[in-house]
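Q: Please see the structure below; I have some questions.
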Amino acid sequence: MSNRIGKRGENIFATLITRKSTTGNFLFDPTFLGDKFPTVDFYVALLDFPLKAFFFASVKTTTLGYTPGGEKLRVIIDKKDVAELSAFNLPVYIFGIDEGMEQGFFIAASEFNTSLNINGITTRFPITPGNLEQLYKEVGDYWNNSHKNTKFVSSFN
Amino acid sequence: MEANKDINEWRAEKLGYVYFSRLDDLIINEPNTSDKLFDYWIDIGENRRPTGRYFAVEVKSFNNKKDPELVPDEYKNLAIPALLVLFDNNNDHGYYTWIKKPEDNGELLFDQTKGNMAELNNDSLNTIVTKIKNWYSKKQIA
């Protein structure tokens, strides 16, 4: 992936994750982490939440489009990266960005089979205001219950 | 959250990058300092190589205000084309007007009135770039 495509994907992600909710509020505040964080790209804080709550985002940008039938965005993630992403004991999501269409899809990294490469990101969870509200609730619930030290479980997988 | 981050303005800047980076030959430079005159300095490249044909872009969110504040005098002596771009964070639509407008006769007009906001889309992006290229061509001949 060229630097230009990657930079464009980061900016597309930033605009998608900060879409307003159905009630007209910003839900998330993303911060780009830079090259010192090789596996995750953004720290994304929940806005207007009573606790410090956040998730990590790994952003994968593609110009390759979709699999036949449109079930997956063509993004390949090496199993080494898959293992690193699923090792976090925190909410981590992978965002696939379609560079041409300027749209994105996401899945949680917690349930991956770490012995396999990921060949495509499902298009079941587009970055829409409704799904962002679900994401906010899921991450908020995790931080509200984080003292229980249970493994993060996501409905986005 | 970054100190003093205004998410409306921050998001508008990101939308600006997304819009202008649609054109392959635009090389977008972002000043690193917070005290910046413009948000983007864009070189109209050729085959993704810089050519020095710069223009400047100031990005703002318009928060339902169609009528942005007047362009300050500090832009008056700028010697390259410059645009003011506004984004509506409710629907991601963009609008633009010239701060320093390149004219066909090679002049640059400073416009503080901001009365004519036009929609920013792929067609208008191409028109903007063509107009600036023509202006630089005129400068070279002169």
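By convention here, the chains of the structure tokens are called A, B, ... in the order presented, each chain's residues are numbered starting at 1, and ligands are numbered starting at 1 in the order presented.
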Check every residue of chain B for an atom within 7 Å of chain A, counting only C-alpha atoms, and provide those that qualify as a ChimeraX atom specification.
A: /B:1,11,14-15,17-18,21,90
Q: Hey, what's within 8 Å of B:Lys60 if we count only C-alpha atoms and toss same-chain stuff fewer than 5 positions away? As a PyMOL selection string, please?
A: chain B and resi 9+12-13+84-87
Q: Mind writing the picked residues with C-alpha atoms as a CSV table (one decimal), in the first residue's frame?
A:
chain,number,residue,atom,x,y,z
B,9,GLU,CA,-12.9,22.2,13.1
B,12,ALA,CA,-13.6,19.7,8.8
B,13,GLU,CA,-9.8,19.7,8.2
B,84,LEU,CA,-11.7,29.1,1.8
B,85,VAL,CA,-13.5,25.7,2.1
B,86,LEU,CA,-16.4,25.1,4.4
B,87,PHE,CA,-17.7,21.7,5.5
Q: Mind giving me the straight-line distance from atom CA of A:Asp48 to atom CA of A:Gly130 in Å, one decimal?
A: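 So the two atoms, atom CA of A:Asp48 and atom CA of A:Gly130, lie 17.5 Å apart.
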Q: State, in Å with one decimal place, the distance from atom CA of B:Asp73 to atom CA of B:Asp92.
A: 28.6 Å
Q: Could you pull out the alpha helix (DSSP H) residues of stretch 23-91 of chain A, going by DSSP on the backbone, and write them as a VMD selection string?
A: chain A and resid 79 to 86
Q: For the residues selected in the previous step, produce a file with N, CA, C and O atoms as a tab-separated table (two decimals), in the first residue's frame.
A:
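To be explicit, this is the file written out as part07.tsv:
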chain	number	residue	atom	x	y	z
A	79	LYS	N	-1.23	-13.11	9.72
A	79	LYS	CA	-1.58	-13.75	10.99
A	79	LYS	C	-0.73	-13.25	12.16
A	79	LYS	O	-1.17	-13.28	13.31
A	80	LYS	N	0.46	-12.78	11.85
A	80	LYS	CA	1.29	-12.18	12.93
A	80	LYS	C	0.59	-10.94	13.48
A	80	LYS	O	0.51	-10.74	14.71
A	81	ASP	N	0.07	-10.11	12.58
A	81	ASP	CA	-0.68	-8.92	13.02
A	81	ASP	C	-1.97	-9.31	13.72
A	81	ASP	O	-2.38	-8.69	14.70
A	82	VAL	N	-2.61	-10.36	13.21
A	82	VAL	CA	-3.86	-10.84	13.82
A	82	VAL	C	-3.59	-11.24	15.27
A	82	VAL	O	-4.33	-10.88	16.19
A	83	ALA	N	-2.49	-11.96	15.47
A	83	ALA	CA	-2.15	-12.42	16.83
A	83	ALA	C	-1.89	-11.23	17.74
A	83	ALA	O	-2.33	-11.21	18.90
A	84	GLU	N	-1.19	-10.23	17.23
A	84	GLU	CA	-0.88	-9.05	18.06
A	84	GLU	C	-2.16	-8.28	18.41
A	84	GLU	O	-2.34	-7.84	19.54
A	85	LEU	N	-3.05	-8.15	17.43
A	85	LEU	CA	-4.28	-7.38	17.68
A	85	LEU	C	-5.20	-8.10	18.67
A	85	LEU	O	-5.81	-7.47	19.53
A	86	SER	N	-5.27	-9.42	18.57
A	86	SER	CA	-6.18	-10.14	19.45
A	86	SER	C	-5.59	-10.34	20.84
A	86	SER	O	-6.29	-10.75	21.76
Q: If you count only C-alpha atoms, which residues fall within 9 Å of B:Thr97, apart from same-chain ones fewer than 3 positions away, as a tab-separated table (two decimals) with N, CA and C atoms, in the first residue's frame?
A:
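What landed in selection-v9.tsv:
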chain	number	residue	atom	x	y	z
B	82	ALA	N	-5.59	31.02	-3.42
B	82	ALA	CA	-5.99	30.49	-2.11
B	82	ALA	C	-7.51	30.35	-2.06
B	83	LEU	N	-7.93	29.34	-1.30
B	83	LEU	CA	-9.36	29.04	-1.19
B	83	LEU	C	-9.79	28.98	0.27
B	84	LEU	N	-11.01	29.36	0.49
B	84	LEU	CA	-11.67	29.09	1.77
B	84	LEU	C	-12.67	27.97	1.51
B	85	VAL	N	-12.56	26.90	2.30
B	85	VAL	CA	-13.45	25.75	2.13
B	85	VAL	C	-14.22	25.52	3.42
B	86	LEU	N	-15.50	25.34	3.28
B	86	LEU	CA	-16.36	25.10	4.45
B	86	LEU	C	-16.99	23.72	4.35
B	101	LYS	N	-8.20	34.81	-5.99
B	101	LYS	CA	-8.73	34.13	-7.18
B	101	LYS	C	-7.83	34.35	-8.40
B	111	ASP	N	-10.63	38.66	-2.48
B	111	ASP	CA	-12.06	38.83	-2.32
B	111	ASP	C	-12.44	38.64	-0.85
B	114	LYS	N	-17.00	37.18	0.18
B	114	LYS	CA	-17.44	35.81	0.43
B	114	LYS	C	-18.92	35.61	0.14
B	115	GLY	N	-19.38	36.28	-0.87
B	115	GLY	CA	-20.80	36.15	-1.18
B	115	GLY	C	-21.14	34.94	-2.01
B	116	ASN	N	-20.16	34.39	-2.69
B	116	ASN	CA	-20.46	33.33	-3.66
B	116	ASN	C	-19.85	31.99	-3.26
B	117	MET	N	-20.49	31.33	-2.34
B	117	MET	CA	-20.02	30.00	-1.98
B	117	MET	C	-20.56	29.02	-3.02
B	118	ALA	N	-19.67	28.18	-3.52
B	118	ALA	CA	-20.08	27.17	-4.51
B	118	ALA	C	-19.84	25.79	-3.92
B	119	GLU	N	-20.56	24.83	-4.44
B	119	GLU	CA	-20.42	23.47	-3.91
B	119	GLU	C	-19.05	22.90	-4.29
Q: Enter the distance from atom CA of B:Ala79 to atom CA of B:Lys36, in Å, rounded to one decimal.
A: 16.7 Å
Q: From the options A:Phe152, A:Phe112, A:Tyr66, A:Phe55, which residue's atoms come nearest to A:Leu135, counting only C-alpha atoms?
A: A:Phe55
Q: Name the residues of stretch 9-66 of chain A that fall into strand (DSSP E) according to DSSP on the backbone, using the chain letters and numbers of this document, as a PyMOL selection string.
A: chain A and resi 28-32+42-46+54-62
Q: Save the residues we just selected, all heavy atoms, as a short mmCIF file (atom, residue, chain, number, x, y, z; two decimals), in the first residue's frame?
A:
data_model
loop_
_atom_site.label_atom_id
_atom_site.label_comp_id
_atom_site.auth_asym_id
_atom_site.auth_seq_id
_atom_site.Cartn_x
_atom_site.Cartn_y
_atom_site.Cartn_z
N PHE A 28 -17.17 10.04 19.22
CA PHE A 28 -15.78 9.59 19.37
C PHE A 28 -14.79 10.70 19.02
O PHE A 28 -15.05 11.54 18.16
CB PHE A 28 -15.51 8.40 18.45
CG PHE A 28 -16.37 7.20 18.73
CD1 PHE A 28 -17.37 6.82 17.84
CD2 PHE A 28 -16.19 6.45 19.88
CE1 PHE A 28 -18.16 5.72 18.10
CE2 PHE A 28 -16.98 5.34 20.15
CZ PHE A 28 -17.97 4.97 19.25
N ASP A 29 -13.65 10.61 19.70
CA ASP A 29 -12.54 11.53 19.43
C ASP A 29 -11.30 10.70 19.12
O ASP A 29 -10.67 10.16 20.03
CB ASP A 29 -12.29 12.42 20.64
CG ASP A 29 -11.11 13.34 20.43
OD1 ASP A 29 -10.70 13.52 19.27
OD2 ASP A 29 -10.58 13.87 21.43
N PRO A 30 -10.94 10.57 17.84
CA PRO A 30 -9.79 9.74 17.49
C PRO A 30 -8.47 10.52 17.55
O PRO A 30 -8.42 11.70 17.22
CB PRO A 30 -10.09 9.34 16.05
CG PRO A 30 -10.92 10.45 15.51
CD PRO A 30 -11.64 11.09 16.66
N THR A 31 -7.43 9.83 17.99
CA THR A 31 -6.08 10.42 17.98
C THR A 31 -5.16 9.46 17.24
O THR A 31 -5.07 8.28 17.60
CB THR A 31 -5.57 10.61 19.42
OG1 THR A 31 -6.45 11.50 20.11
CG2 THR A 31 -4.16 11.19 19.43
N PHE A 32 -4.49 9.98 16.23
CA PHE A 32 -3.57 9.16 15.45
C PHE A 32 -2.33 8.87 16.29
O PHE A 32 -1.75 9.77 16.89
CB PHE A 32 -3.19 9.88 14.16
CG PHE A 32 -2.30 9.08 13.25
CD1 PHE A 32 -2.71 7.86 12.76
CD2 PHE A 32 -1.05 9.55 12.90
CE1 PHE A 32 -1.90 7.11 11.92
CE2 PHE A 32 -0.23 8.82 12.06
CZ PHE A 32 -0.66 7.61 11.57
N PHE A 42 -5.00 4.17 15.78
CA PHE A 42 -5.71 5.25 16.48
C PHE A 42 -6.11 4.81 17.88
O PHE A 42 -6.46 3.64 18.10
CB PHE A 42 -7.00 5.64 15.73
CG PHE A 42 -6.79 6.46 14.50
CD1 PHE A 42 -6.54 5.85 13.28
CD2 PHE A 42 -6.84 7.85 14.55
CE1 PHE A 42 -6.36 6.60 12.13
CE2 PHE A 42 -6.66 8.61 13.41
CZ PHE A 42 -6.42 7.98 12.19
N TYR A 43 -6.04 5.76 18.78
CA TYR A 43 -6.65 5.66 20.09
C TYR A 43 -7.95 6.45 19.96
O TYR A 43 -7.93 7.61 19.54
CB TYR A 43 -5.70 6.29 21.10
CG TYR A 43 -6.26 6.76 22.41
CD1 TYR A 43 -6.20 5.94 23.54
CD2 TYR A 43 -6.82 8.03 22.55
CE1 TYR A 43 -6.68 6.37 24.75
CE2 TYR A 43 -7.31 8.47 23.77
CZ TYR A 43 -7.23 7.64 24.87
OH TYR A 43 -7.72 8.06 26.06
N VAL A 44 -9.09 5.82 20.27
CA VAL A 44 -10.37 6.49 20.03
C VAL A 44 -11.11 6.61 21.36
O VAL A 44 -11.54 5.60 21.95
CB VAL A 44 -11.22 5.72 19.01
CG1 VAL A 44 -12.52 6.48 18.73
CG2 VAL A 44 -10.45 5.50 17.72
N ALA A 45 -11.25 7.84 21.84
CA ALA A 45 -11.89 8.07 23.14
C ALA A 45 -13.40 8.27 22.96
O ALA A 45 -13.85 8.81 21.94
CB ALA A 45 -11.29 9.31 23.79
N LEU A 46 -14.16 7.81 23.94
CA LEU A 46 -15.60 8.06 23.95
C LEU A 46 -15.85 9.45 24.51
O LEU A 46 -15.33 9.80 25.59
CB LEU A 46 -16.33 7.03 24.83
CG LEU A 46 -16.73 5.71 24.16
CD1 LEU A 46 -15.53 4.95 23.62
CD2 LEU A 46 -17.52 4.84 25.15
N PHE A 54 -12.10 4.12 26.02
CA PHE A 54 -11.54 4.21 24.67
C PHE A 54 -11.43 2.82 24.05
O PHE A 54 -11.60 1.80 24.73
CB PHE A 54 -10.15 4.86 24.71
CG PHE A 54 -9.11 4.03 25.43
CD1 PHE A 54 -8.31 3.14 24.73
CD2 PHE A 54 -8.95 4.13 26.80
CE1 PHE A 54 -7.37 2.36 25.39
CE2 PHE A 54 -8.01 3.36 27.47
CZ PHE A 54 -7.21 2.47 26.76
N PHE A 55 -11.11 2.81 22.76
CA PHE A 55 -10.69 1.57 22.11
C PHE A 55 -9.55 1.90 21.17
O PHE A 55 -9.29 3.07 20.86
CB PHE A 55 -11.87 0.91 21.36
CG PHE A 55 -12.42 1.68 20.20
CD1 PHE A 55 -11.88 1.57 18.92
CD2 PHE A 55 -13.52 2.52 20.37
CE1 PHE A 55 -12.41 2.28 17.86
CE2 PHE A 55 -14.05 3.23 19.31
CZ PHE A 55 -13.49 3.11 18.05
N PHE A 56 -8.87 0.84 20.74
CA PHE A 56 -7.83 1.01 19.74
C PHE A 56 -8.39 0.62 18.37
O PHE A 56 -9.21 -0.30 18.27
CB PHE A 56 -6.61 0.14 20.05
CG PHE A 56 -5.78 0.64 21.19
CD1 PHE A 56 -5.63 -0.12 22.34
CD2 PHE A 56 -5.15 1.87 21.12
CE1 PHE A 56 -4.85 0.34 23.40
CE2 PHE A 56 -4.38 2.34 22.17
CZ PHE A 56 -4.22 1.57 23.32
N ALA A 57 -7.92 1.31 17.35
CA ALA A 57 -8.36 1.01 15.99
C ALA A 57 -7.16 0.74 15.10
O ALA A 57 -6.17 1.48 15.13
CB ALA A 57 -9.15 2.19 15.43
N SER A 58 -7.24 -0.34 14.37
CA SER A 58 -6.26 -0.62 13.33
C SER A 58 -6.95 -0.36 12.00
O SER A 58 -8.03 -0.90 11.74
CB SER A 58 -5.82 -2.09 13.43
OG SER A 58 -4.97 -2.40 12.36
N VAL A 59 -6.35 0.48 11.19
CA VAL A 59 -7.01 0.91 9.96
C VAL A 59 -6.29 0.32 8.75
O VAL A 59 -5.07 0.49 8.60
CB VAL A 59 -7.03 2.46 9.87
CG1 VAL A 59 -7.65 2.91 8.55
CG2 VAL A 59 -7.79 3.05 11.05
N LYS A 60 -7.02 -0.40 7.94
CA LYS A 60 -6.47 -1.04 6.74
C LYS A 60 -7.20 -0.49 5.53
O LYS A 60 -8.41 -0.66 5.39
CB LYS A 60 -6.66 -2.56 6.80
CG LYS A 60 -6.17 -3.22 8.08
CD LYS A 60 -4.66 -3.18 8.17
CE LYS A 60 -4.19 -3.89 9.43
NZ LYS A 60 -2.72 -3.71 9.65
N THR A 61 -6.46 0.14 4.66
CA THR A 61 -7.07 0.78 3.50
C THR A 61 -6.79 -0.05 2.24
O THR A 61 -5.69 -0.56 2.07
CB THR A 61 -6.50 2.19 3.31
OG1 THR A 61 -6.62 2.89 4.55
CG2 THR A 61 -7.23 2.96 2.23
N THR A 62 -7.80 -0.16 1.42
CA THR A 62 -7.63 -0.95 0.21
C THR A 62 -8.21 -0.24 -1.01
O THR A 62 -9.16 0.54 -0.89
CB THR A 62 -8.30 -2.34 0.36
OG1 THR A 62 -8.03 -3.12 -0.81
CG2 THR A 62 -9.80 -2.23 0.55
#
Q: Compare B:Ser124, B:Asn8, B:Thr51, B:Ser61 by their minimum atom-to-atom distance to B:Leu26, counting only C-alpha atoms, and give me the closest one.
A: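 Counting only C-alpha atoms, the residue closest to B:Leu26 is B:Thr51.
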